[in-house]
Amino acid sequence: MKFDYTHGLRDHTQKNLEGVQTLLSHFQDPHIDIDKLLDEAATLIWRQFGIDNVAIGLKDPKDGQYRYKAMAGFRPDALEAHKKITYKKEQFLEDGEFHGFAISKYTRIYLTEDNRPMEGVEKDSYNRPALLTIRRTDSTDSLEGDYIDVGIYGPGEELVGWIEISGTRTMKLPDVTTIRWVEVMASIVAAALMCSKAH
């Protein structure tokens, strides 16, 4: 029995659960290293779910601005561009600057054709700008410029951050199960943030 458990073939769900256990192990430390947890969460989502690129942003308590804190799957120049971007809370609101639609309580999807072309440093943040000319031929296609935001919420449903996933390596939008897993990761990050403030 022990041999089967430790040496048996691991399916995708088992690998995902192992990743969740790794994130949860941070709670055993009385001083959670949030940066390390965010990096591990971004890498886990990128590696396990075939997401093209992942970025996690948080609200900075010093100025109330939202900034990217952890990223995976980006080219170096796109990664550096992300580090320079700041957002205000108003930009995340339903009737804000970006046009998306809710697909769950926690998640909104933004399609490239529904939004203005990026400008300035945001334009430099595209991971594969050469693909911007490709058009959607099927509703499940994922294009450069599409992204899905999963909110990270604190007490009182305050938006304290978000996990942004952009496309998949198969050039299709992530499926429902993948999005639900990302929502679980967002809940773990939210709990870690609350625990770190409590210490």
# chains A, B, ... in the order shown; residues from 1 in each chain; ligands from 1

call {"tool": "closest_atom_pairs", "arguments": {"of": "segment 46-124 of chain A", "to": "segment 18-23 of chain A", "cutoff": "12 Å", "atoms": "only C-alpha atoms", "output": "tab-separated table"}}
result
residue	atom	partner	partner_atom	distance
A:Trp46	CA	A:Gly19	CA	11.7
A:Arg47	CA	A:Gly19	CA	10.4
A:Gln48	CA	A:Gly19	CA	8.7
A:Phe49	CA	A:Gly19	CA	11.4

call {"tool": "residues_around", "arguments": {"residues": "Tyr66 of chain A", "least_positions_apart": "5", "cutoff": "7 Å", "atoms": "only C-alpha atoms", "output": "ChimeraX atom specification"}}
result
/A:57-60,86-88

call {"tool": "write_last_selection", "arguments": {"atoms": "C-alpha atoms", "output": "PDB file, in the first residue's frame"}}
result
ATOM      1  CA  GLY A  57      -0.586  42.111  -8.493  1.00  0.00           C
ATOM      2  CA  LEU A  58      -1.215  43.560  -5.047  1.00  0.00           C
ATOM      3  CA  LYS A  59      -2.395  46.809  -3.571  1.00  0.00           C
ATOM      4  CA  ASP A  60       0.452  48.800  -2.043  1.00  0.00           C
ATOM      5  CA  THR A  86       0.494  50.951 -11.732  1.00  0.00           C
ATOM      6  CA  TYR A  87      -3.285  50.835 -11.501  1.00  0.00           C
ATOM      7  CA  LYS A  88      -5.874  52.680  -9.446  1.00  0.00           C
TER       8      LYS A  88
END

call {"tool": "closest_residue", "arguments": {"among": "A:Glu164, A:Asp77, A:Glu144, A:Asp33", "to": "Arg108 of chain A", "atoms": "only C-alpha atoms"}}
result
A:Glu164

call {"tool": "select_by_dssp", "arguments": {"residues": "chain A", "states": "strand (DSSP E)", "output": "number ranges by chain"}}
result
A: 51-59, 66-72, 86-87, 101-102, 107-110, 147-153, 159-168

call {"tool": "atom_distance", "arguments": {"atom1": "atom CA of Ile34 of chain A", "atom2": "atom CA of Lys89 of chain A"}}
result
21.4 Å

call {"tool": "residues_around", "arguments": {"residues": "segment 172-187 of chain A", "least_positions_apart": "3", "cutoff": "9 Å", "atoms": "only C-alpha atoms", "output": "VMD selection string"}}
result
chain A and resid 16 20 23 41 45 49 to 51 106 to 107 139 to 143 146 to 148 150 to 153 161 to 163 165 to 169 190 to 192

call {"tool": "select_by_dssp", "arguments": {"residues": "segment 31-120 of chain A", "states": "helix (DSSP H, G or I)", "output": "ChimeraX atom specification"}}
result
/A:34-48,76-84,89-92,112-114,120

call {"tool": "atom_distance", "arguments": {"atom1": "atom CA of Glu113 of chain A", "atom2": "atom CA of Asp138 of chain A"}}
result
13.4 Å

call {"tool": "atom_distance", "arguments": {"atom1": "atom CA of Leu93 of chain A", "atom2": "atom CA of Ala42 of chain A"}}
result
23.7 Å

call {"tool": "residues_around", "arguments": {"residues": "Met71 of chain A", "least_positions_apart": "6", "cutoff": "8 Å", "atoms": "only C-alpha atoms", "output": "PyMOL selection string"}}
result
chain A and resi 39+42-43+53-56+79

call {"tool": "closest_residue", "arguments": {"among": "A:Leu38, A:Ala72, A:Ala78, A:Val160", "to": "Phe92 of chain A", "atoms": "only C-alpha atoms"}}
result
A:Val160
